[in-house]
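Taking it in order: structure first as structure tokens, then the write-up.
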Amino acid sequence: MTSYTESIMNELQRTVARIDDQSVGLLAGRIVQADQIFVAGAGRSGLMMRAFAMRLMHIGLRAYVVGETVTPGLTAQDLLIIGSGSGETKSLAVMAEKAAKAGAPVALATIVPESTIGRLSEIVIRVPAATKETADGGATTIQPMGSLFEQSLLLLFDALILQLMDLTGNNTSTMFGRHANLE
């Protein structure tokens, strides 16, 4: 068990160390300027995006997961952030097209910046992980399918939350005050 965990940690360290800080900084700036932030992803990437939306809400931003029943309409003053390893997921590409038509900026975290969604995006953050199709246990990753991308996505957005905390003057105490308390 320990050797697998160490290998995963080494892969994550190698991957997140190669993410461009400048593009992440651009996204942070766009987030604090947006009236509302919408996030989208499919499968496990979608779960990482949901986790990111939760933390954006804890910071005090108006954040929504696309497709939820309480998600409002998108306007040109908003921001759509998509997490997609391939950048080709059809349903996500349709969302990016609709956002672009509405005049809203699109940001993408992906393995493939030159993808369909990447071409529709104002900000593209390249996450240098293996795609589902190439993650075959070879030299790039020991993990199956898109695991390395999905884990890297979570770490990327958790680090971005730290940057946003600095920009917005939030700390753990202020964020905890927005935590669910009906349970």
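If you're wondering about the labels, chains in the structure tokens are A, B, ... by order shown, residues count from 1 in each chain, ligands from 1 in order shown.
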Taking the DSSP secondary structure from the backbone, can you list the residues of range 2-148 of chain A that are alpha helix (DSSP H), as a PyMOL selection string? chain A and resi 2-16+21-33+43-59+90-101+116-120+147-148
At a cut-off of 12 Å, using only C-alpha atoms, what residues contact Leu120 in chain A? Leave out same-chain residues fewer than 5 positions from it and give the result as a PDB file with N, CA and C atoms, in the first residue's frame.
```pdb
ATOM      1  N   LEU A  80     -17.608  30.950 -16.615  1.00  0.00           N
ATOM      2  CA  LEU A  80     -17.776  29.498 -16.650  1.00  0.00           C
ATOM      3  C   LEU A  80     -16.398  28.857 -16.583  1.00  0.00           C
ATOM      4  N   ILE A  81     -16.217  27.967 -15.611  1.00  0.00           N
ATOM      5  CA  ILE A  81     -14.956  27.239 -15.452  1.00  0.00           C
ATOM      6  C   ILE A  81     -15.245  25.755 -15.676  1.00  0.00           C
ATOM      7  N   ILE A  82     -14.531  25.170 -16.621  1.00  0.00           N
ATOM      8  CA  ILE A  82     -14.730  23.766 -16.980  1.00  0.00           C
ATOM      9  C   ILE A  82     -13.466  22.977 -16.652  1.00  0.00           C
ATOM     10  N   GLY A  87     -10.814  17.955 -23.011  1.00  0.00           N
ATOM     11  CA  GLY A  87     -11.321  19.197 -23.593  1.00  0.00           C
ATOM     12  C   GLY A  87     -12.279  18.949 -24.744  1.00  0.00           C
ATOM     13  N   GLU A  88     -12.740  17.721 -24.878  1.00  0.00           N
ATOM     14  CA  GLU A  88     -13.608  17.346 -26.002  1.00  0.00           C
ATOM     15  C   GLU A  88     -14.960  16.797 -25.569  1.00  0.00           C
ATOM     16  N   LEU A  92     -19.894  19.341 -22.386  1.00  0.00           N
ATOM     17  CA  LEU A  92     -19.134  20.487 -21.881  1.00  0.00           C
ATOM     18  C   LEU A  92     -18.797  21.467 -23.002  1.00  0.00           C
ATOM     19  N   ALA A  93     -18.539  20.940 -24.193  1.00  0.00           N
ATOM     20  CA  ALA A  93     -18.281  21.813 -25.346  1.00  0.00           C
ATOM     21  C   ALA A  93     -19.517  22.645 -25.674  1.00  0.00           C
ATOM     22  N   VAL A  94     -20.694  22.033 -25.569  1.00  0.00           N
ATOM     23  CA  VAL A  94     -21.940  22.767 -25.803  1.00  0.00           C
ATOM     24  C   VAL A  94     -22.088  23.891 -24.774  1.00  0.00           C
ATOM     25  N   MET A  95     -21.772  23.606 -23.514  1.00  0.00           N
ATOM     26  CA  MET A  95     -21.827  24.640 -22.470  1.00  0.00           C
ATOM     27  C   MET A  95     -20.883  25.790 -22.789  1.00  0.00           C
ATOM     28  N   ALA A  96     -19.671  25.460 -23.210  1.00  0.00           N
ATOM     29  CA  ALA A  96     -18.688  26.499 -23.539  1.00  0.00           C
ATOM     30  C   ALA A  96     -19.182  27.350 -24.705  1.00  0.00           C
ATOM     31  N   GLU A  97     -19.784  26.715 -25.712  1.00  0.00           N
ATOM     32  CA  GLU A  97     -20.331  27.461 -26.854  1.00  0.00           C
ATOM     33  C   GLU A  97     -21.439  28.410 -26.407  1.00  0.00           C
ATOM     34  N   LYS A  98     -22.333  27.931 -25.554  1.00  0.00           N
ATOM     35  CA  LYS A  98     -23.431  28.763 -25.063  1.00  0.00           C
ATOM     36  C   LYS A  98     -22.904  29.937 -24.241  1.00  0.00           C
ATOM     37  N   ALA A  99     -21.914  29.684 -23.409  1.00  0.00           N
ATOM     38  CA  ALA A  99     -21.327  30.767 -22.603  1.00  0.00           C
ATOM     39  C   ALA A  99     -20.679  31.807 -23.512  1.00  0.00           C
ATOM     40  N   ALA A 100     -19.944  31.343 -24.508  1.00  0.00           N
ATOM     41  CA  ALA A 100     -19.299  32.267 -25.440  1.00  0.00           C
ATOM     42  C   ALA A 100     -20.338  33.110 -26.175  1.00  0.00           C
ATOM     43  N   LYS A 101     -21.442  32.498 -26.588  1.00  0.00           N
ATOM     44  CA  LYS A 101     -22.510  33.241 -27.261  1.00  0.00           C
ATOM     45  C   LYS A 101     -23.147  34.270 -26.340  1.00  0.00           C
ATOM     46  N   GLY A 103     -21.543  35.899 -24.203  1.00  0.00           N
ATOM     47  CA  GLY A 103     -20.513  36.895 -23.918  1.00  0.00           C
ATOM     48  C   GLY A 103     -19.775  36.664 -22.614  1.00  0.00           C
ATOM     49  N   ALA A 104     -19.989  35.506 -21.995  1.00  0.00           N
ATOM     50  CA  ALA A 104     -19.317  35.189 -20.734  1.00  0.00           C
ATOM     51  C   ALA A 104     -17.976  34.518 -21.015  1.00  0.00           C
ATOM     52  N   PRO A 105     -16.947  34.898 -20.285  1.00  0.00           N
ATOM     53  CA  PRO A 105     -15.655  34.231 -20.469  1.00  0.00           C
ATOM     54  C   PRO A 105     -15.714  32.783 -19.992  1.00  0.00           C
ATOM     55  N   VAL A 106     -14.922  31.954 -20.660  1.00  0.00           N
ATOM     56  CA  VAL A 106     -14.806  30.544 -20.317  1.00  0.00           C
ATOM     57  C   VAL A 106     -13.362  30.281 -19.920  1.00  0.00           C
ATOM     58  N   ALA A 107     -13.186  29.517 -18.848  1.00  0.00           N
ATOM     59  CA  ALA A 107     -11.859  29.067 -18.438  1.00  0.00           C
ATOM     60  C   ALA A 107     -11.873  27.554 -18.429  1.00  0.00           C
ATOM     61  N   LEU A 108     -10.750  26.957 -18.773  1.00  0.00           N
ATOM     62  CA  LEU A 108     -10.656  25.505 -18.878  1.00  0.00           C
ATOM     63  C   LEU A 108      -9.393  25.012 -18.210  1.00  0.00           C
ATOM     64  N   PRO A 113      -4.760  21.740 -24.261  1.00  0.00           N
ATOM     65  CA  PRO A 113      -5.161  23.137 -24.471  1.00  0.00           C
ATOM     66  C   PRO A 113      -5.716  23.430 -25.860  1.00  0.00           C
ATOM     67  N   GLU A 114      -5.275  22.710 -26.869  1.00  0.00           N
ATOM     68  CA  GLU A 114      -5.717  22.961 -28.249  1.00  0.00           C
ATOM     69  C   GLU A 114      -7.025  22.251 -28.584  1.00  0.00           C
ATOM     70  N   SER A 115      -7.722  21.767 -27.584  1.00  0.00           N
ATOM     71  CA  SER A 115      -8.982  21.044 -27.751  1.00  0.00           C
ATOM     72  C   SER A 115     -10.118  21.984 -28.173  1.00  0.00           C
TER      73      SER A 115
END
```
A:Ile59, A:Leu182, A:Leu27, A:Ile142 ranked by distance to Gly169 in chain A, top pick (using only C-alpha atoms):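 When distances to Gly169 in chain A are compared using only C-alpha atoms, the smallest one comes from A:Ile59.
We find CA of Arg126 in chain A and CA of Thr110 in chain A to be spaced 5.3 Å apart.
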Among range 90-131 of chain A, which residues does DSSP mark as strand (DSSP E or B) when it is run on the backbone? Keep the chain and numbering as in the structure and answer as a PyMOL selection string. chain A and resi 106-110+123-126
Any chance you can output those residues with N, CA and C atoms as a PDB file, in the first residue's frame?
```pdb
ATOM      1  N   VAL A 106     -14.922  31.954 -20.660  1.00  0.00           N
ATOM      2  CA  VAL A 106     -14.806  30.544 -20.317  1.00  0.00           C
ATOM      3  C   VAL A 106     -13.362  30.281 -19.920  1.00  0.00           C
ATOM      4  N   ALA A 107     -13.186  29.517 -18.848  1.00  0.00           N
ATOM      5  CA  ALA A 107     -11.859  29.067 -18.438  1.00  0.00           C
ATOM      6  C   ALA A 107     -11.873  27.554 -18.429  1.00  0.00           C
ATOM      7  N   LEU A 108     -10.750  26.957 -18.773  1.00  0.00           N
ATOM      8  CA  LEU A 108     -10.656  25.505 -18.878  1.00  0.00           C
ATOM      9  C   LEU A 108      -9.393  25.012 -18.210  1.00  0.00           C
ATOM     10  N   ALA A 109      -9.533  23.968 -17.387  1.00  0.00           N
ATOM     11  CA  ALA A 109      -8.388  23.209 -16.879  1.00  0.00           C
ATOM     12  C   ALA A 109      -8.403  21.892 -17.633  1.00  0.00           C
ATOM     13  N   THR A 110      -7.305  21.577 -18.324  1.00  0.00           N
ATOM     14  CA  THR A 110      -7.293  20.451 -19.255  1.00  0.00           C
ATOM     15  C   THR A 110      -5.893  19.909 -19.477  1.00  0.00           C
ATOM     16  N   ILE A 123      -9.187  31.606 -20.876  1.00  0.00           N
ATOM     17  CA  ILE A 123      -8.086  31.171 -20.017  1.00  0.00           C
ATOM     18  C   ILE A 123      -8.024  29.652 -20.083  1.00  0.00           C
ATOM     19  N   VAL A 124      -6.834  29.135 -20.361  1.00  0.00           N
ATOM     20  CA  VAL A 124      -6.628  27.691 -20.380  1.00  0.00           C
ATOM     21  C   VAL A 124      -5.470  27.368 -19.446  1.00  0.00           C
ATOM     22  N   ILE A 125      -5.747  26.494 -18.504  1.00  0.00           N
ATOM     23  CA  ILE A 125      -4.708  26.009 -17.590  1.00  0.00           C
ATOM     24  C   ILE A 125      -4.387  24.582 -17.997  1.00  0.00           C
ATOM     25  N   ARG A 126      -3.159  24.380 -18.431  1.00  0.00           N
ATOM     26  CA  ARG A 126      -2.727  23.037 -18.846  1.00  0.00           C
ATOM     27  C   ARG A 126      -2.292  22.249 -17.623  1.00  0.00           C
TER      28      ARG A 126
END
```
Selected residue of minimal separation from Thr174 in chain A among A:Arg14, A:His58, A:Lys90, A:Arg44, counting only C-alpha atoms: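 Of all the options, A:His58 lies closest to Thr174 in chain A.
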Distance CA of Gly60 in chain A-CA of Thr168 in chain A, one decimal place? 9.0 Å
One decimal, Å: what's the distance from CA of Arg55 in chain A over to CA of Glu11 in chain A, could you say? 24.7 Å
Val127 in chain A surroundings by only C-alpha atoms, 12 Å radius, close-in-sequence under 5 positions cut, as a PDB file with C-alpha atoms, in the first residue's frame:
```
ATOM      1  CA  LEU A  12       1.097  14.525  -8.272  1.00  0.00           C
ATOM      2  CA  GLN A  13       4.170  16.510  -7.242  1.00  0.00           C
ATOM      3  CA  ARG A  14       5.642  16.217 -10.738  1.00  0.00           C
ATOM      4  CA  THR A  15       2.351  17.175 -12.399  1.00  0.00           C
ATOM      5  CA  VAL A  16       1.264  20.153 -10.300  1.00  0.00           C
ATOM      6  CA  ALA A  17       4.788  21.585 -10.317  1.00  0.00           C
ATOM      7  CA  ARG A  18       4.438  22.008 -14.102  1.00  0.00           C
ATOM      8  CA  ILE A  19       1.167  23.983 -13.997  1.00  0.00           C
ATOM      9  CA  ASP A  20       1.689  27.565 -15.168  1.00  0.00           C
ATOM     10  CA  ASP A  21       1.288  30.018 -12.268  1.00  0.00           C
ATOM     11  CA  SER A  23      -2.578  31.242 -16.093  1.00  0.00           C
ATOM     12  CA  VAL A  24      -3.769  30.339 -12.582  1.00  0.00           C
ATOM     13  CA  GLY A  83     -12.575  20.843 -15.903  1.00  0.00           C
ATOM     14  CA  SER A  84     -12.058  18.368 -18.765  1.00  0.00           C
ATOM     15  CA  GLY A  85      -9.016  16.208 -19.339  1.00  0.00           C
ATOM     16  CA  SER A  86      -9.585  15.862 -23.067  1.00  0.00           C
ATOM     17  CA  GLY A  87     -11.321  19.197 -23.593  1.00  0.00           C
ATOM     18  CA  LEU A 108     -10.656  25.505 -18.878  1.00  0.00           C
ATOM     19  CA  ALA A 109      -8.388  23.209 -16.879  1.00  0.00           C
ATOM     20  CA  THR A 110      -7.293  20.451 -19.255  1.00  0.00           C
ATOM     21  CA  ILE A 111      -4.570  18.171 -20.497  1.00  0.00           C
ATOM     22  CA  VAL A 112      -5.168  19.321 -24.083  1.00  0.00           C
ATOM     23  CA  PRO A 113      -5.161  23.137 -24.471  1.00  0.00           C
ATOM     24  CA  GLY A 146      -7.906   9.885 -15.658  1.00  0.00           C
ATOM     25  CA  LEU A 148      -3.848  11.667 -12.183  1.00  0.00           C
ATOM     26  CA  PHE A 149      -5.724  14.483 -13.936  1.00  0.00           C
ATOM     27  CA  GLU A 150      -8.630  14.358 -11.505  1.00  0.00           C
ATOM     28  CA  GLN A 151      -6.375  14.407  -8.444  1.00  0.00           C
ATOM     29  CA  SER A 152      -4.304  17.214  -9.956  1.00  0.00           C
ATOM     30  CA  LEU A 153      -7.496  19.159 -10.645  1.00  0.00           C
ATOM     31  CA  LEU A 154      -8.453  18.961  -6.969  1.00  0.00           C
ATOM     32  CA  LEU A 155      -4.993  20.134  -5.870  1.00  0.00           C
ATOM     33  CA  LEU A 156      -4.935  22.913  -8.479  1.00  0.00           C
ATOM     34  CA  PHE A 157      -8.275  24.296  -7.318  1.00  0.00           C
TER      35      PHE A 157
END
```
Which residues are close to Thr172 in chain A, i.e. within 12 Å by only C-alpha atoms, leaving aside same-chain residues fewer than 4 positions away? Reply as an mmCIF file with N, CA, C and O atoms, in the first residue's frame.
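And here's around13.cif as it stands now:
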```
data_model
loop_
_atom_site.group_PDB
_atom_site.id
_atom_site.type_symbol
_atom_site.label_atom_id
_atom_site.label_comp_id
_atom_site.auth_asym_id
_atom_site.auth_seq_id
_atom_site.Cartn_x
_atom_site.Cartn_y
_atom_site.Cartn_z
ATOM 1 N N ARG A 55 -15.980 25.388 -2.176
ATOM 2 C CA ARG A 55 -15.001 26.282 -1.556
ATOM 3 C C ARG A 55 -15.193 27.729 -2.032
ATOM 4 O O ARG A 55 -15.010 28.667 -1.249
ATOM 5 N N HIS A 58 -17.749 29.031 0.137
ATOM 6 C CA HIS A 58 -17.213 29.289 1.475
ATOM 7 C C HIS A 58 -16.455 30.613 1.525
ATOM 8 O O HIS A 58 -16.430 31.275 2.566
ATOM 9 N N ILE A 59 -15.856 31.011 0.414
ATOM 10 C CA ILE A 59 -15.172 32.304 0.347
ATOM 11 C C ILE A 59 -16.179 33.450 0.304
ATOM 12 O O ILE A 59 -15.851 34.586 0.600
ATOM 13 N N ILE A 161 -7.867 28.250 -4.282
ATOM 14 C CA ILE A 161 -8.667 28.757 -3.159
ATOM 15 C C ILE A 161 -7.767 29.507 -2.175
ATOM 16 O O ILE A 161 -8.137 30.578 -1.675
ATOM 17 N N LEU A 162 -6.585 28.986 -1.902
ATOM 18 C CA LEU A 162 -5.655 29.694 -1.014
ATOM 19 C C LEU A 162 -5.298 31.066 -1.573
ATOM 20 O O LEU A 162 -5.253 32.070 -0.848
ATOM 21 N N MET A 165 -8.281 33.271 -1.134
ATOM 22 C CA MET A 165 -8.410 33.684 0.267
ATOM 23 C C MET A 165 -7.575 34.931 0.511
ATOM 24 O O MET A 165 -8.033 35.879 1.148
ATOM 25 N N ASP A 166 -6.348 34.930 -0.001
ATOM 26 C CA ASP A 166 -5.484 36.114 0.130
ATOM 27 C C ASP A 166 -6.101 37.324 -0.563
ATOM 28 O O ASP A 166 -6.107 38.428 -0.018
ATOM 29 N N PHE A 176 -15.537 29.181 7.545
ATOM 30 C CA PHE A 176 -16.324 28.233 8.318
ATOM 31 C C PHE A 176 -17.685 28.821 8.682
ATOM 32 O O PHE A 176 -18.663 28.094 8.820
ATOM 33 N N GLY A 177 -17.760 30.131 8.791
ATOM 34 C CA GLY A 177 -19.030 30.786 9.068
ATOM 35 C C GLY A 177 -20.048 30.595 7.952
ATOM 36 O O GLY A 177 -21.243 30.770 8.168
ATOM 37 N N ARG A 178 -19.583 30.226 6.756
ATOM 38 C CA ARG A 178 -20.481 29.974 5.632
ATOM 39 C C ARG A 178 -20.712 28.476 5.407
ATOM 40 O O ARG A 178 -21.366 28.081 4.451
ATOM 41 N N HIS A 179 -20.154 27.659 6.276
ATOM 42 C CA HIS A 179 -20.279 26.213 6.164
ATOM 43 C C HIS A 179 -21.699 25.792 6.530
ATOM 44 O O HIS A 179 -22.347 26.405 7.369
#
```
Nearest to Leu164 in chain A, chosen from A:Tyr4, A:Gly41, A:Leu61, A:Gln22, with only C-alpha atoms counted in the distances: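 The answer is A:Leu61, which sits nearest to Leu164 in chain A.
Distance check against Asn170 in chain A using only C-alpha atoms: of A:Phe52, A:Thr141, A:Met57, A:Ala40, the minimum falls on A:Met57.
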